[in-house]
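Q: After the structure tokens below, expect a handful of questions from me.
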Amino acid sequence: MVDRTIYNRHSRLQASVQVPGDKSLSHRAILWSGMAEGESKLVGIGPGADIQASLSAMRQLGVTIDGDKVVSPGISRWVSPGEDIDCANSGTTIRLLAGILSTATVQAVLTGDASLSARPMSRLVDPLRSLGGRIDTTPDGTAPLRLGGALKVVGASVFLDVASAQVRTAFEMAALAASGPSTLDSPGGFRDHTERMLVSIGLGEWASKTAFRITPGKLRPQRYDIPGDPSSASFLWALAAIHRDSKVLTPNVSLNPGRLGFLQILDEMGAGIEAVVTGSIGGDPVGDVIVRGAPLRAVSISGELVASALDELPLVAVVAAFAEGVTSVSDASELRTKESDRIEATTALIRALGGGVESRPDGFDVVGTGFLEGGTIESQGDHRIAMAGAIAALSADGAVTIRDAGIADVSWPDFYDIVESVW
Ligand code: S3P
């Protein structure tokens, strides 16, 4: 466990930072290249440990990956791995791969670290079984997951009660192997990277704002260009927003609307935001974002905005400590199912630095005191808590020690060196 102490040099942020490749799109590109027979190319995938988990899972199934080149025999010729596939800390690897494997002919067991082994997997079971997919969890509804060996895969119509892009994607990928079309609906606000990709290759179409129809078919090999990760850029956006004479440019990041809730929140709080779409990759918009600091005011966050800012909500709490008024986050009980219980981890972070915060079953309230003090915070084995802690540290009145800070490697191994070097 690597701890890190961070000091606020009372500087200002004036920088342009190219953030690492988007984690959600990197996982998808790796898994889709692995499913497609032939040679694909992965350009700019993320550097984190979660992405390594998806790469090594593909290798265990018989896919060859050499640098940016992926050569696959195709999903129908994958091999059943002799050993369990360890998805480490990566919820996206285990849930997406569970969907893909559930309707495949190979058989595999997916495991993870202590955090992943405690996260809910039962939400996958009914949707995948309705297609004829084969999936078993532990009696607690957690990993290890036993998957595959499906005999007959049929089209199905499913409604999910959570706005989970991971569960949606698992179902959509599983449904590609069915004998007929399927439909899927859920509450809105989710990142729709998978649906955009399926539309772009003619294997899916929107039936309504949230309902999607999947046409069975095979993925083909292709080149994937991965833009920067808006969830990683958010840490820099937050630092700039908090400090009035700061400005940061993050070029070439994904501007998928399901990822932009945090920018909308910063905008409503009063920060200066410019987002310019410069192009589109695989149907997904990309562009440049500039954030400028300004006096900030509190906001209330609920409904679809929660899903589109989900991974950034701990960071919202840090920014809220520097805004005038009480910021409240509601409808966010999903935060309790992430790498840590992010409602309690966020509350503990703000409290450890002398801030005013109360948790509720579905969110939290943060009192904007205008400052945070030094102290020691626990990452709770959660990369986004550790990284939100670093932004709090660079804005706090005293030194802040982050316990188990090394967990940031899950999404951005150079994170601390980069944010400290621009501050
Ligand atoms: C992700 C979806 C979200 C998000 C996670 C990545 C994805 O999870 O929190 O970091 O790539 O589909 P849920 O779909 O479970 O909300």
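Chain identifiers are assigned as A, B, and so on, following the order in which chains appear in the structure tokens; residues are numbered from 1 within each chain, and ligands are numbered from 1 in order of appearance.
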Would you write out, as a Markdown table, a table of all residues in chain A that have an atom no more than 6 Å from an atom of ligand 1, listing for each the closest atom pair and the distance in Å to one decimal, considering only C-alpha atoms and all ligand atoms and ordering rows by chain and rising residue number?
A:
```
| residue | atom | partner | partner_atom_place_in_ligand_line | distance |
| --- | --- | --- | --- | --- |
| A:Ser24 | CA | ligand 1 | 11 (O) | 3.7 |
| A:Thr92 | CA | ligand 1 | 11 (O) | 5.5 |
| A:Ser164 | CA | ligand 1 | 14 (O) | 3.4 |
| A:Ala165 | CA | ligand 1 | 14 (O) | 3.6 |
| A:Gln166 | CA | ligand 1 | 14 (O) | 3.8 |
| A:Leu310 | CA | ligand 1 | 9 (O) | 5.9 |
| A:Asp311 | CA | ligand 1 | 9 (O) | 5.2 |
```
Q: I need the residues from that last selection saved to file as a PDB file, in the first residue's frame (with N, CA, C and O atoms), if you can.
A:
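Okay, this is what ended up in again-v6.pdb:
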```
ATOM      1  N   SER A  24     -13.950   3.437 -20.495  1.00  0.00           N
ATOM      2  CA  SER A  24     -15.125   2.709 -21.004  1.00  0.00           C
ATOM      3  C   SER A  24     -14.922   2.289 -22.456  1.00  0.00           C
ATOM      4  O   SER A  24     -15.226   1.150 -22.847  1.00  0.00           O
ATOM      5  N   THR A  92     -16.115  -3.191 -15.124  1.00  0.00           N
ATOM      6  CA  THR A  92     -16.495  -3.181 -16.538  1.00  0.00           C
ATOM      7  C   THR A  92     -16.024  -4.471 -17.205  1.00  0.00           C
ATOM      8  O   THR A  92     -16.768  -5.081 -17.991  1.00  0.00           O
ATOM      9  N   SER A 164     -27.834   1.271 -15.812  1.00  0.00           N
ATOM     10  CA  SER A 164     -26.453   0.782 -15.822  1.00  0.00           C
ATOM     11  C   SER A 164     -25.985   0.471 -17.232  1.00  0.00           C
ATOM     12  O   SER A 164     -26.494  -0.446 -17.885  1.00  0.00           O
ATOM     13  N   ALA A 165     -24.969   1.230 -17.682  1.00  0.00           N
ATOM     14  CA  ALA A 165     -24.402   0.975 -19.016  1.00  0.00           C
ATOM     15  C   ALA A 165     -23.707  -0.377 -19.053  1.00  0.00           C
ATOM     16  O   ALA A 165     -23.638  -1.023 -20.102  1.00  0.00           O
ATOM     17  N   GLN A 166     -23.188  -0.810 -17.904  1.00  0.00           N
ATOM     18  CA  GLN A 166     -22.506  -2.114 -17.887  1.00  0.00           C
ATOM     19  C   GLN A 166     -23.514  -3.239 -18.126  1.00  0.00           C
ATOM     20  O   GLN A 166     -23.252  -4.152 -18.911  1.00  0.00           O
ATOM     21  N   LEU A 310     -22.078   9.898 -12.762  1.00  0.00           N
ATOM     22  CA  LEU A 310     -21.976   8.894 -11.697  1.00  0.00           C
ATOM     23  C   LEU A 310     -20.569   8.773 -11.112  1.00  0.00           C
ATOM     24  O   LEU A 310     -20.382   8.838  -9.897  1.00  0.00           O
ATOM     25  N   ASP A 311     -19.568   8.598 -11.980  1.00  0.00           N
ATOM     26  CA  ASP A 311     -18.210   8.365 -11.478  1.00  0.00           C
ATOM     27  C   ASP A 311     -17.590   9.636 -10.902  1.00  0.00           C
ATOM     28  O   ASP A 311     -16.551   9.571 -10.235  1.00  0.00           O
TER      29      ASP A 311
END
```
Q: Within 10 Å of Ala211 in chain A, counting only C-alpha atoms, which residues qualify if same-chain residues fewer than 6 places away don't, as an mmCIF file with N, CA and C atoms, in the first residue's frame?
A:
```cif
data_model
loop_
_atom_site.group_PDB
_atom_site.id
_atom_site.type_symbol
_atom_site.label_atom_id
_atom_site.label_comp_id
_atom_site.auth_asym_id
_atom_site.auth_seq_id
_atom_site.Cartn_x
_atom_site.Cartn_y
_atom_site.Cartn_z
ATOM 1 N N SER A 157 -37.073 -9.525 -24.693
ATOM 2 C CA SER A 157 -37.388 -8.120 -24.442
ATOM 3 C C SER A 157 -37.274 -7.889 -22.941
ATOM 4 N N VAL A 158 -36.426 -6.928 -22.547
ATOM 5 C CA VAL A 158 -36.067 -6.796 -21.133
ATOM 6 C C VAL A 158 -36.158 -5.345 -20.691
ATOM 7 N N PHE A 159 -36.653 -5.118 -19.445
ATOM 8 C CA PHE A 159 -36.561 -3.783 -18.834
ATOM 9 C C PHE A 159 -35.673 -3.889 -17.600
ATOM 10 N N THR A 183 -34.931 -6.519 -27.469
ATOM 11 C CA THR A 183 -35.019 -5.105 -27.091
ATOM 12 C C THR A 183 -34.707 -4.959 -25.615
ATOM 13 N N LEU A 184 -34.229 -3.757 -25.284
ATOM 14 C CA LEU A 184 -33.758 -3.469 -23.932
ATOM 15 C C LEU A 184 -34.161 -2.057 -23.589
ATOM 16 N N ASP A 185 -34.715 -1.869 -22.384
ATOM 17 C CA ASP A 185 -35.067 -0.508 -21.941
ATOM 18 C C ASP A 185 -34.610 -0.347 -20.499
ATOM 19 N N SER A 186 -34.401 0.903 -20.069
ATOM 20 C CA SER A 186 -33.986 1.184 -18.688
ATOM 21 C C SER A 186 -34.201 2.679 -18.450
ATOM 22 N N PRO A 187 -34.073 3.149 -17.209
ATOM 23 C CA PRO A 187 -34.084 4.601 -17.012
ATOM 24 C C PRO A 187 -32.941 5.250 -17.804
ATOM 25 N N GLY A 188 -33.038 6.559 -18.046
ATOM 26 C CA GLY A 188 -32.071 7.254 -18.904
ATOM 27 C C GLY A 188 -30.870 7.828 -18.156
ATOM 28 N N GLU A 205 -30.774 -0.351 -33.351
ATOM 29 C CA GLU A 205 -31.453 0.927 -33.605
ATOM 30 C C GLU A 205 -32.266 1.321 -32.376
#
```
Q: May I ask for the distance between CA of Ala104 in chain A and CA of Met197 in chain A, given in Å to one decimal place?
A: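 Interatomic distance, CA of Ala104 in chain A to CA of Met197 in chain A: 20.6 Å.
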Q: Neighbouring residues of Val2 in chain A were defined as those with any atom within 9 Å, considering only C-alpha atoms; residues of the same chain fewer than 6 positions away were excluded. Please report them as number ranges by chain.
A: A: 402-407
Q: CA of Ser328 in chain A and CA of Arg244 in chain A are how many Å apart?
A: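 Computing the Euclidean distance for CA of Ser328 in chain A and CA of Arg244 in chain A yields 22.7 Å.
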